[in-house]
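Structure data follow from input.txt (compact mmCIF, C-alpha atoms):
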# COMPACT_ATOMS: atom_id res chain seq x y z
CA MET A 29 35.26 18.90 -3.14
CA TYR A 30 36.09 22.61 -3.11
CA GLN A 31 37.37 24.10 -6.36
CA GLU A 32 40.57 26.07 -6.69
CA GLN A 33 40.40 29.84 -6.24
CA HIS A 34 43.04 32.58 -6.55
CA GLY A 35 45.73 30.04 -7.48
CA ALA A 36 45.34 28.02 -4.27
CA PRO A 37 43.02 25.12 -3.39
CA ALA A 38 39.74 26.56 -2.16
CA VAL A 39 39.05 25.98 1.50
CA ALA A 40 35.83 24.63 2.97
CA PRO A 41 33.35 27.47 3.57
CA LEU A 42 33.43 27.22 7.37
CA THR A 43 37.19 26.81 7.76
CA GLY A 44 38.44 29.07 10.53
CA PHE A 45 35.03 29.46 12.18
CA THR A 46 33.90 27.96 15.50
CA VAL A 47 30.22 27.06 15.81
CA GLY A 48 28.42 26.22 19.03
CA VAL A 49 25.77 23.47 19.06
CA THR A 50 23.12 23.47 21.81
CA ALA A 51 21.08 20.51 20.52
CA ALA A 52 20.32 17.47 22.65
CA ARG A 53 18.88 15.38 19.82
CA ARG A 54 20.71 14.87 16.51
CA ALA A 55 23.68 16.85 17.79
CA ASP A 56 26.13 14.38 16.23
CA GLU A 57 24.47 14.79 12.84
CA LEU A 58 24.60 18.58 13.03
CA ALA A 59 28.21 18.55 14.23
CA ALA A 60 29.23 16.23 11.39
CA LEU A 61 27.59 18.50 8.79
CA LEU A 62 29.42 21.51 10.20
CA GLN A 63 32.79 19.75 10.46
CA ARG A 64 32.47 18.45 6.92
CA ARG A 65 32.38 22.07 5.81
CA GLY A 66 35.45 22.99 7.83
CA ALA A 67 33.99 24.32 11.09
CA THR A 68 35.35 23.70 14.55
CA VAL A 69 32.39 22.58 16.69
CA LEU A 70 31.82 23.14 20.40
CA HIS A 71 28.88 21.05 21.57
CA ALA A 72 27.04 21.22 24.86
CA PRO A 73 23.44 20.03 25.18
CA ALA A 74 21.47 22.86 26.74
CA LEU A 75 18.86 20.38 28.02
CA ARG A 76 18.00 16.73 28.30
CA ILE A 77 14.83 15.01 27.18
CA VAL A 78 13.03 12.94 29.81
CA PRO A 79 10.40 10.51 28.44
CA LEU A 80 7.19 10.42 30.43
CA ALA A 81 6.22 6.79 29.82
CA ASP A 82 6.17 6.28 33.58
CA ASP A 83 4.60 9.67 34.25
CA GLY A 84 1.05 9.74 35.52
CA GLU A 85 0.31 12.95 33.57
CA LEU A 86 0.72 11.27 30.17
CA LEU A 87 -1.18 8.15 31.28
CA THR A 88 -4.05 10.29 32.56
CA ALA A 89 -4.24 12.29 29.32
CA THR A 90 -4.19 9.10 27.22
CA ARG A 91 -6.97 7.44 29.23
CA GLU A 92 -9.03 10.63 29.03
CA LEU A 93 -8.80 10.63 25.23
CA VAL A 94 -9.50 6.91 24.88
CA ASP A 95 -12.59 7.25 27.09
CA ASP A 96 -13.82 10.46 25.45
CA ALA A 97 -12.43 10.95 21.94
CA PRO A 98 -11.61 14.52 20.89
CA ASP A 99 -12.67 16.18 17.65
CA VAL A 100 -9.12 17.05 16.59
CA VAL A 101 -5.64 15.76 17.45
CA VAL A 102 -2.58 17.83 16.55
CA ALA A 103 0.69 15.87 16.30
CA THR A 104 3.67 18.22 16.56
CA THR A 105 6.78 16.00 16.41
CA ALA A 106 7.60 12.57 15.02
CA ILE A 107 9.59 11.46 18.07
CA GLY A 108 6.82 12.67 20.34
CA PHE A 109 4.06 10.91 18.42
CA ARG A 110 6.03 7.65 18.30
CA GLY A 111 6.81 7.97 22.01
CA TRP A 112 3.14 8.42 22.80
CA VAL A 113 2.10 5.31 20.86
CA GLU A 114 4.95 3.28 22.41
CA ALA A 115 4.02 4.41 25.92
CA ALA A 116 0.36 3.49 25.30
CA ASP A 117 1.47 0.04 24.12
CA GLY A 118 3.39 -0.38 27.36
CA TRP A 119 0.24 0.35 29.37
CA GLY A 120 -1.87 -2.01 27.26
CA LEU A 121 -3.72 0.94 25.69
CA GLY A 122 -2.01 0.92 22.29
CA GLU A 123 -4.89 -0.46 20.20
CA GLU A 124 -7.44 1.67 22.00
CA LEU A 125 -5.39 4.81 21.34
CA LEU A 126 -4.97 3.97 17.63
CA SER A 127 -8.69 3.23 17.33
CA CYS A 128 -9.40 6.62 18.92
CA LEU A 129 -7.02 8.42 16.53
CA ARG A 130 -8.60 6.75 13.47
CA GLY A 131 -11.89 8.44 14.26
CA VAL A 132 -10.66 12.01 14.67
CA GLU A 133 -9.35 14.82 12.49
CA LEU A 134 -5.61 14.16 12.75
CA LEU A 135 -3.35 17.11 11.86
CA ALA A 136 0.41 16.70 11.35
CA ARG A 137 2.79 19.63 11.67
CA GLY A 138 5.17 18.43 8.94
CA PRO A 139 6.43 15.52 6.80
CA LYS A 140 8.33 13.78 9.61
CA VAL A 141 5.21 13.68 11.75
CA LYS A 142 3.23 12.45 8.75
CA GLY A 143 5.72 9.60 8.42
CA ALA A 144 5.28 8.64 12.07
CA ILE A 145 1.50 8.78 11.75
CA ARG A 146 1.51 6.54 8.66
CA ALA A 147 3.99 4.13 10.26
CA ALA A 148 1.39 3.65 13.01
CA GLY A 149 -1.19 2.69 10.36
CA LEU A 150 -3.01 6.02 10.49
CA THR A 151 -3.64 8.77 7.94
CA GLU A 152 -3.42 12.47 8.62
CA ALA A 153 -6.27 14.73 7.51
CA TRP A 154 -3.97 17.67 6.71
CA SER A 155 -0.45 18.98 7.08
CA PRO A 156 0.85 22.52 6.38
CA THR A 157 3.41 23.03 3.62
CA SER A 158 5.28 25.49 5.86
CA GLU A 159 5.68 22.99 8.74
CA SER A 160 4.57 25.90 10.91
CA MET A 161 2.38 25.61 13.97
CA ALA A 162 1.14 29.10 13.16
CA GLU A 163 -0.42 27.72 9.98
CA VAL A 164 -1.98 24.86 11.95
CA LEU A 165 -3.46 27.39 14.36
CA ASP A 166 -4.77 29.54 11.50
CA ARG A 167 -6.51 26.52 9.97
CA LEU A 168 -8.15 25.54 13.26
CA LEU A 169 -9.33 29.06 14.00
CA THR A 170 -10.62 29.53 10.45
CA GLU A 171 -12.60 26.27 10.69
CA GLY A 172 -13.85 27.36 14.10
CA VAL A 173 -13.03 25.65 17.38
CA ALA A 174 -15.97 26.76 19.52
CA ASP A 175 -17.28 23.80 21.56
CA ARG A 176 -14.72 21.49 19.90
CA ARG A 177 -12.30 19.30 21.83
CA VAL A 178 -8.70 19.58 20.62
CA ALA A 179 -5.86 17.32 21.81
CA LEU A 180 -2.35 18.72 21.42
CA GLN A 181 0.65 16.36 21.53
CA LEU A 182 3.52 18.31 23.00
CA HIS A 183 7.23 17.58 22.89
CA GLY A 184 8.70 19.38 25.86
CA GLU A 185 7.50 22.84 26.78
CA PRO A 186 4.05 24.15 25.81
CA LEU A 187 3.85 26.01 22.51
CA PRO A 188 3.68 29.73 23.33
CA GLY A 189 0.26 31.20 22.64
CA PHE A 190 -1.11 28.14 20.85
CA VAL A 191 -3.23 26.69 23.65
CA GLU A 192 -4.33 30.16 24.78
CA ALA A 193 -5.53 31.06 21.26
CA LEU A 194 -7.56 27.84 20.98
CA ARG A 195 -9.17 28.36 24.37
CA ALA A 196 -9.96 31.98 23.49
CA GLY A 197 -11.72 30.62 20.40
CA GLY A 198 -13.95 28.45 22.60
CA ALA A 199 -12.12 25.11 22.35
CA GLU A 200 -11.58 22.61 25.12
CA VAL A 201 -7.87 21.75 24.94
CA VAL A 202 -6.35 18.51 26.19
CA VAL A 203 -2.57 18.69 26.47
CA VAL A 204 -0.61 15.45 25.88
CA PRO A 205 2.93 15.94 27.24
CA VAL A 206 5.04 13.11 25.83
CA TYR A 207 8.47 14.41 26.86
CA ARG A 208 9.71 16.94 29.34
CA TRP A 209 12.74 19.18 28.91
CA MET A 210 15.09 19.27 31.89
CA PRO A 211 18.45 20.99 32.48
CA PRO A 212 21.44 18.77 31.67
CA GLU A 213 22.65 16.64 34.56
CA ASP A 214 26.23 17.81 33.95
CA LEU A 215 26.30 21.59 33.59
CA ALA A 216 30.06 21.85 32.97
CA PRO A 217 29.88 21.52 29.14
CA LEU A 218 27.04 24.07 28.99
CA ASP A 219 29.07 26.48 31.13
CA ARG A 220 32.06 26.07 28.79
CA LEU A 221 29.83 26.85 25.81
CA LEU A 222 28.41 29.86 27.62
CA ASP A 223 31.88 31.13 28.48
CA ALA A 224 32.97 30.68 24.86
CA ALA A 225 30.00 32.70 23.63
CA VAL A 226 30.55 35.51 26.13
CA GLY A 227 34.29 35.49 25.35
CA ARG A 228 33.58 35.76 21.60
CA SER A 229 35.54 32.59 20.81
CA LEU A 230 32.40 31.36 19.03
CA ASN A 231 31.44 32.81 15.68
CA ALA A 232 27.93 31.33 15.61
CA LEU A 233 25.60 29.57 18.03
CA THR A 234 23.00 27.18 16.66
CA PHE A 235 19.59 26.41 18.15
CA THR A 236 17.30 23.59 17.02
CA SER A 237 14.62 23.94 19.70
CA ALA A 238 13.09 26.78 21.68
CA PRO A 239 13.60 24.99 25.03
CA ALA A 240 17.35 24.76 24.35
CA ALA A 241 17.51 28.51 23.85
CA ALA A 242 15.43 29.11 26.98
CA SER A 243 17.67 26.76 28.97
CA LEU A 244 20.84 28.54 27.83
CA PHE A 245 19.42 31.92 28.84
CA SER A 246 18.29 30.49 32.18
CA ARG A 247 21.77 29.16 32.93
CA ALA A 248 23.35 32.46 31.87
CA GLU A 249 21.02 34.28 34.26
CA GLU A 250 21.91 31.90 37.11
CA ARG A 251 25.58 32.72 36.55
CA GLY A 252 25.01 36.46 36.22
CA LEU A 253 26.10 36.36 32.56
CA LEU A 254 22.84 37.09 30.76
CA PRO A 255 23.65 40.73 29.81
CA GLU A 256 27.07 39.65 28.46
CA LEU A 257 25.52 36.77 26.51
CA LEU A 258 22.87 38.99 24.95
CA ASP A 259 25.52 41.54 23.97
CA ALA A 260 27.64 38.84 22.35
CA LEU A 261 24.68 37.45 20.39
CA ALA A 262 23.63 40.94 19.33
CA HIS A 263 27.04 41.97 17.98
CA ASP A 264 29.65 39.24 17.55
CA VAL A 265 28.21 35.72 17.78
CA LEU A 266 25.68 34.91 15.06
CA PRO A 267 22.53 33.22 16.48
CA ALA A 268 21.24 30.71 13.93
CA CYS A 269 17.87 29.00 14.49
CA VAL A 270 16.39 26.09 12.58
CA GLY A 271 13.02 27.84 12.36
CA PRO A 272 10.74 30.62 13.69
CA VAL A 273 9.39 28.67 16.68
CA THR A 274 12.95 27.96 17.83
CA ALA A 275 13.77 31.67 17.50
CA LEU A 276 10.98 32.86 19.83
CA PRO A 277 13.03 32.87 23.09
CA LEU A 278 15.79 34.85 21.36
CA GLN A 279 13.33 37.32 19.88
CA ALA A 280 11.82 37.79 23.35
CA HIS A 281 15.23 39.13 24.39
CA GLY A 282 15.30 41.51 21.40
CA LEU A 283 17.76 39.43 19.36
CA ASP A 284 17.71 39.11 15.59
CA THR A 285 18.41 35.63 14.25
CA VAL A 286 19.07 33.99 10.90
CA GLN A 287 16.88 31.08 9.80
CA PRO A 288 16.88 28.86 6.71
CA GLY A 289 13.94 28.77 4.35
CA ARG A 290 13.41 25.07 5.10
CA PHE A 291 13.42 24.08 8.75
CA ARG A 292 16.06 21.33 8.51
CA LEU A 293 19.61 20.80 9.70
CA GLY A 294 21.07 20.73 6.17
CA PRO A 295 19.66 24.13 5.16
CA LEU A 296 20.73 25.53 8.54
CA VAL A 297 24.33 24.51 7.84
CA GLN A 298 24.14 25.84 4.28
CA LEU A 299 22.93 29.17 5.66
CA LEU A 300 25.97 29.36 7.93
CA CYS A 301 28.19 28.58 4.94
CA VAL A 302 26.90 31.82 3.41
CA GLU A 303 26.54 34.04 6.47
CA LEU A 304 29.86 33.45 8.24
CA PRO A 305 32.21 33.92 5.24
CA ALA A 306 30.24 37.07 4.37
CA ARG A 307 31.14 38.46 7.80
CA ALA A 308 34.86 37.83 7.32
CA ARG A 309 37.06 40.89 6.81
CA THR A 310 38.98 40.83 3.51
CA LEU A 311 41.81 43.31 2.94
CA PRO A 312 44.57 43.85 0.33
CA VAL A 313 47.72 43.84 2.45
CA ALA A 314 51.32 43.95 1.17
CA GLY A 315 50.22 42.62 -2.20
CA ARG A 316 48.32 39.73 -0.61
CA ARG A 317 44.64 38.99 -0.19
CA VAL A 318 44.06 38.61 3.55
CA GLU A 319 40.75 37.25 4.81
CA ILE A 320 40.32 37.40 8.58
CA ARG A 321 38.01 34.69 9.88
CA GLY A 322 37.15 33.61 13.41
CA GLN A 323 40.24 31.62 14.42
CA ALA A 324 42.19 31.58 11.18
CA VAL A 325 43.41 33.84 8.41
CA LEU A 326 43.42 33.07 4.69
CA VAL A 327 46.50 34.54 3.00
CA ASP A 328 46.01 34.28 -0.77
CA GLY A 329 43.63 31.38 -0.10
CA THR A 330 46.02 29.46 2.16
CA VAL A 331 44.74 28.72 5.65
CA ARG A 332 46.90 30.12 8.47
CA PRO A 333 45.70 29.11 11.96
CA VAL A 334 46.35 31.94 14.42
CA PRO A 335 46.43 31.65 18.24
CA PRO A 336 43.81 33.61 20.21
CA ALA A 337 46.22 36.36 21.32
CA GLY A 338 47.32 36.86 17.72
CA MET A 339 43.72 37.07 16.50
CA SER A 340 43.02 39.73 19.13
CA LEU A 341 45.93 41.81 17.81
CA LEU A 342 45.01 41.25 14.17
CA ASN A 343 41.37 42.18 14.69
CA THR A 344 42.45 45.35 16.49
CA LEU A 345 44.74 46.33 13.61
CA ALA A 346 42.05 45.47 11.04
CA ARG A 347 39.54 47.85 12.60
CA ARG A 348 41.71 50.71 11.25
CA PRO A 349 43.64 49.15 8.37
CA GLY A 350 46.71 51.10 7.41
CA TRP A 351 46.61 53.24 10.56
CA VAL A 352 49.18 52.95 13.33
CA VAL A 353 47.86 51.31 16.50
CA SER A 354 49.84 52.00 19.66
CA ARG A 355 51.30 49.27 21.83
CA ALA A 356 49.10 50.48 24.68
CA ASP A 357 45.94 49.97 22.59
CA LEU A 358 47.14 46.56 21.46
CA LEU A 359 47.95 45.62 25.06
CA ARG A 360 44.38 46.39 26.05
CA ALA A 361 43.20 44.01 23.32
CA LEU A 362 45.28 41.12 24.67
CA PRO A 363 43.30 38.94 27.09
CA GLY A 364 44.94 38.87 30.51
CA ALA A 365 48.13 40.61 29.34
CA GLY A 366 48.50 42.92 32.34
CA ARG A 367 50.56 46.09 31.96
CA ASP A 368 53.77 44.85 30.34
CA GLU A 369 53.96 46.05 26.73
CA HIS A 370 56.56 43.34 26.12
CA ALA A 371 53.56 40.96 25.92
CA VAL A 372 52.52 42.80 22.75
CA GLU A 373 55.93 42.20 21.14
CA THR A 374 55.83 38.49 22.03
CA ALA A 375 52.28 38.03 20.72
CA MET A 376 53.11 40.04 17.59
CA ALA A 377 56.13 37.84 16.83
CA ARG A 378 53.93 34.74 17.13
CA LEU A 379 51.26 36.35 14.94
CA ARG A 380 53.75 37.12 12.18
CA ALA A 381 55.10 33.59 12.34
CA ALA A 382 51.57 32.16 12.13
CA LEU A 383 50.73 34.32 9.11
CA GLY A 384 53.88 33.14 7.31
CA VAL A 385 54.35 36.55 5.68
CA PRO A 386 56.10 38.84 8.18
CA ASN A 387 55.70 42.07 6.15
CA LEU A 388 51.89 41.99 6.41
CA ILE A 389 52.33 43.88 9.69
CA GLN A 390 54.76 46.78 9.87
CA THR A 391 56.51 48.06 12.97
CA VAL A 392 56.41 51.85 13.29
CA VAL A 393 59.30 52.78 15.57
CA LYS A 394 58.25 54.34 18.88
CA ARG A 395 54.62 54.42 17.76
CA GLY A 396 53.25 50.89 17.34
CA TYR A 397 52.17 48.64 14.48
CA ARG A 398 50.07 48.87 11.33
CA LEU A 399 48.70 46.58 8.64
CA ALA A 400 50.65 47.19 5.43
CA LEU A 401 47.51 48.11 3.50
CA ASP A 402 48.11 48.42 -0.25
CA PRO A 403 48.30 52.11 -1.26
CA ALA A 404 45.54 51.75 -3.85
CA ALA A 405 43.21 50.64 -1.07
CA GLY A 406 43.99 53.59 1.17
CA ASP A 407 41.01 55.74 0.20
CA LYS A 408 38.57 52.86 0.49
CA TYR A 409 39.72 51.90 3.97
CA GLY A 410 40.27 55.37 5.41
CA GLY A 411 43.78 56.26 4.23
CA THR A 412 47.01 55.95 6.21
Would you give me this structure, written as structure tokens?
Amino acid sequence: MYQEQHGAPAVAPLTGFTVGVTAARRADELAALLQRRGATVLHAPALRIVPLADDGELLTATRELVDDAPDVVVATTAIGFRGWVEAADGWGLGEELLSCLRGVELLARGPKVKGAIRAAGLTEAWSPTSESMAEVLDRLLTEGVADRRVALQLHGEPLPGFVEALRAGGAEVVVVPVYRWMPPEDLAPLDRLLDAAVGRSLNALTFTSAPAAASLFSRAEERGLLPELLDALAHDVLPACVGPVTALPLQAHGLDTVQPGRFRLGPLVQLLCVELPARARTLPVAGRRVEIRGQAVLVDGTVRPVPPAGMSLLNTLARRPGWVVSRADLLRALPGAGRDEHAVETAMARLRAALGVPNLIQTVVKRGYRLALDPAAGDKYGGT
């Protein structure tokens, strides 16, 4: 699948990288796409989805619309729209709801919602090419919503600013909450994911819904880890969002994110296949091409898994390639190493064995260690 490069079989683009997955829905699909491209995946659902078929709030909203049809209905998600129709069927209101929806201006956020609408025997009046709720809002406000009744099918938390903008424009808004987001029943996997992000053992963290991001931040705050999490996402762990709505909770915390051009899982994975290898450090060392990834090193294109302690040492040496780094500085880089510099020697021996080419790292007697940067590269990387 991956063509040969530099005389060795090319590795999958995400080999050596660990990616966190916060999704509750379609997590298996996302994990499989990532693993197929070589990533190690750490999954913990940041929330759970609770259907409201037995919830009086959804029943009340449905009866209100059946009894007094709105002017416009906005369908935001396929699973939410299908869940609404199925719940109405269960209450004996299915045909009445469909009859109501046939007589209104039915807007679909994207192609998946369009598919759900058509599967129910209905036809949407319009759908944005961008799949963006911002474009839906622009259309409604441009048409004018004063004295119009707008029903908004929600999937989880309210859309930030959407309802407020419609009401400011003079609309009466009926909210139809089909599902509710709740924290996961078992918080242990989420805590492990959070610890991995804070500890920088993740290289990227993916988000496919805004509530998942909000839930992760909420749990981090409960544990007193929010500042550490934000620092990790700002500097070392790449936050990747499936689209701009998903990115809103991260942006509210001042974080930059990467997003694919198309708001789908496949393009999200393809984006990571570009972004993460581009962040890898590549150096000419002892006549070899050394690419330092998250939890592995490519030596002339051959994958060399490296234990965490070894990666800590290697990353410390790579920050000043060719320069001598003292044992004391390397000791500080080792997690939980204490004060015994012998721990550096032990970890260094294991690192050299993992790399398979011992002379990549030179011992400088009584001073420390250095990467054996090729002389021709000295000027580029700061000399020796």
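For the set A:His71, A:Ala241, A:Asp96, A:Ala306, the residue with the smallest atom-to-atom gap to A:Glu57 is A:His71, counting all atoms listed in the file.
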> Is there a way to get, as a ChimeraX atom specification, all residues within 8 Å of the point (29.3, 31.2, 18.9) in file coordinates, counting all atoms listed in the file?
Replying inline: /A:46-48,224-225,228-234,261,265-267
Next, dump the selected residues to file, keeping only C-alpha atoms, as a PDB file, keeping the file's coordinate frame.
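Writing the result to out24.pdb gives the following:
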ATOM      1  CA  THR A  46      33.900  27.960  15.500  1.00  0.00           C
ATOM      2  CA  VAL A  47      30.220  27.060  15.810  1.00  0.00           C
ATOM      3  CA  GLY A  48      28.420  26.220  19.030  1.00  0.00           C
ATOM      4  CA  ALA A 224      32.970  30.680  24.860  1.00  0.00           C
ATOM      5  CA  ALA A 225      30.000  32.700  23.630  1.00  0.00           C
ATOM      6  CA  ARG A 228      33.580  35.760  21.600  1.00  0.00           C
ATOM      7  CA  SER A 229      35.540  32.590  20.810  1.00  0.00           C
ATOM      8  CA  LEU A 230      32.400  31.360  19.030  1.00  0.00           C
ATOM      9  CA  ASN A 231      31.440  32.810  15.680  1.00  0.00           C
ATOM     10  CA  ALA A 232      27.930  31.330  15.610  1.00  0.00           C
ATOM     11  CA  LEU A 233      25.600  29.570  18.030  1.00  0.00           C
ATOM     12  CA  THR A 234      23.000  27.180  16.660  1.00  0.00           C
ATOM     13  CA  LEU A 261      24.680  37.450  20.390  1.00  0.00           C
ATOM     14  CA  VAL A 265      28.210  35.720  17.780  1.00  0.00           C
ATOM     15  CA  LEU A 266      25.680  34.910  15.060  1.00  0.00           C
ATOM     16  CA  PRO A 267      22.530  33.220  16.480  1.00  0.00           C
TER      17      PRO A 267
END
Write out as JSON lines a residue-level contact list of stretch 251-341 of chain A versus stretch 387-398 of chain A with cut-off 10 Å: for each qualifying residue the closest pair of atoms and the distance in Å to one decimal, counting all atoms listed in the file, rows sorted by chain and residue number upward.
{"residue": "A:Pro312", "atom": "CA", "partner": "A:Leu388", "partner_atom": "CA", "distance": 9.7}
{"residue": "A:Val313", "atom": "CA", "partner": "A:Leu388", "partner_atom": "CA", "distance": 6.0}
{"residue": "A:Ala314", "atom": "CA", "partner": "A:Leu388", "partner_atom": "CA", "distance": 5.6}
{"residue": "A:Gly315", "atom": "CA", "partner": "A:Leu388", "partner_atom": "CA", "distance": 8.8}
{"residue": "A:Arg316", "atom": "CA", "partner": "A:Leu388", "partner_atom": "CA", "distance": 8.2}
{"residue": "A:Val318", "atom": "CA", "partner": "A:Leu388", "partner_atom": "CA", "distance": 9.0}
{"residue": "A:Val327", "atom": "CA", "partner": "A:Leu388", "partner_atom": "CA", "distance": 9.8}
{"residue": "A:Leu341", "atom": "CA", "partner": "A:Tyr397", "partner_atom": "CA", "distance": 9.8}
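With distances restricted to all atoms listed in the file, A:Pro239 is the closest residue to A:Tyr207 from A:Gly172, A:Gly131, A:Pro73, A:Pro239.
If you count only C-alpha atoms and draw a sphere of 12 Å around (14.2, 36.5, 24.2), the protein and nucleic acid residues inside it come out as Ala238, Pro239, Ala241, Ala242, Ser243, Leu244, Phe245, Ser246, Leu254, Pro255, Leu257, Leu258, Leu261, Ala262, Pro267, Val273, Thr274, Ala275, Leu276, Pro277, Leu278, Gln279, Ala280, His281, Gly282, Leu283, Asp284 and Thr285 of chain A.
Closest approach to A:Arg251 among A:Leu222, A:Arg290, A:Thr236, A:Met210: A:Leu222, based on only C-alpha atoms.
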>> Ranking A:Leu125, A:Met161, A:Val385, A:Ala106 by minimum distance to A:Leu87 and counting all atoms listed in the file, which one comes first?
In response: A:Leu125
> If you measure from atom CA of A:Thr170 to atom CA of A:Ala193, what distance in Å do you get, rounded to one decimal?
Replying inline: 12.0 Å
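For the pair atom CA of A:Pro335 and atom CA of A:His263, the interatomic distance is 22.0 Å.
In this model, the gap between atom CA of A:Asp357 and atom CA of A:Asp402 comes to 23.0 Å.
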Which centre and edge lengths in Å to one decimal define the box along x, y and z that fits every listed atom of stretch 94-102 of chain A plus 4 Å per side, as AutoDock Vina command-line options?
--center_x -8.2 --center_y 12.4 --center_z 21.8 --size_x 19.2 --size_y 18.9 --size_z 18.5
>> So that I can see what lies close to stretch 173-178 of chain A, please list as an MDAnalysis selection string the residues with an atom at most 6 Å from it, counting all atoms listed in the file and leaving out residues fewer than 2 positions away in the same chain.
In response: chainID A and resid 98:101 197:201
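With all atoms listed in the file as the atoms that count, the residue of A:Arg355, A:Arg220, A:Arg348, A:Arg130 with the shortest distance to A:Val94 is A:Arg130.
Proximity to A:Ala162 at 10 Å, evaluated using all atoms listed in the file and with sequence-adjacent residues fewer than 5 positions away removed, yields Arg137, Pro156, Arg167, Leu168, Gly189, Phe190, Pro272 and Val273 of chain A.
Contact shell of A:Glu369 at 12 Å (all atoms listed in the file; same-chain neighbours under 5 positions omitted): Ser354, Arg355, Ala356, Asp357, Leu358, Leu359, Arg360, Ala361, Leu362, Thr374, Ala375, Met376 and Gly396 of chain A.
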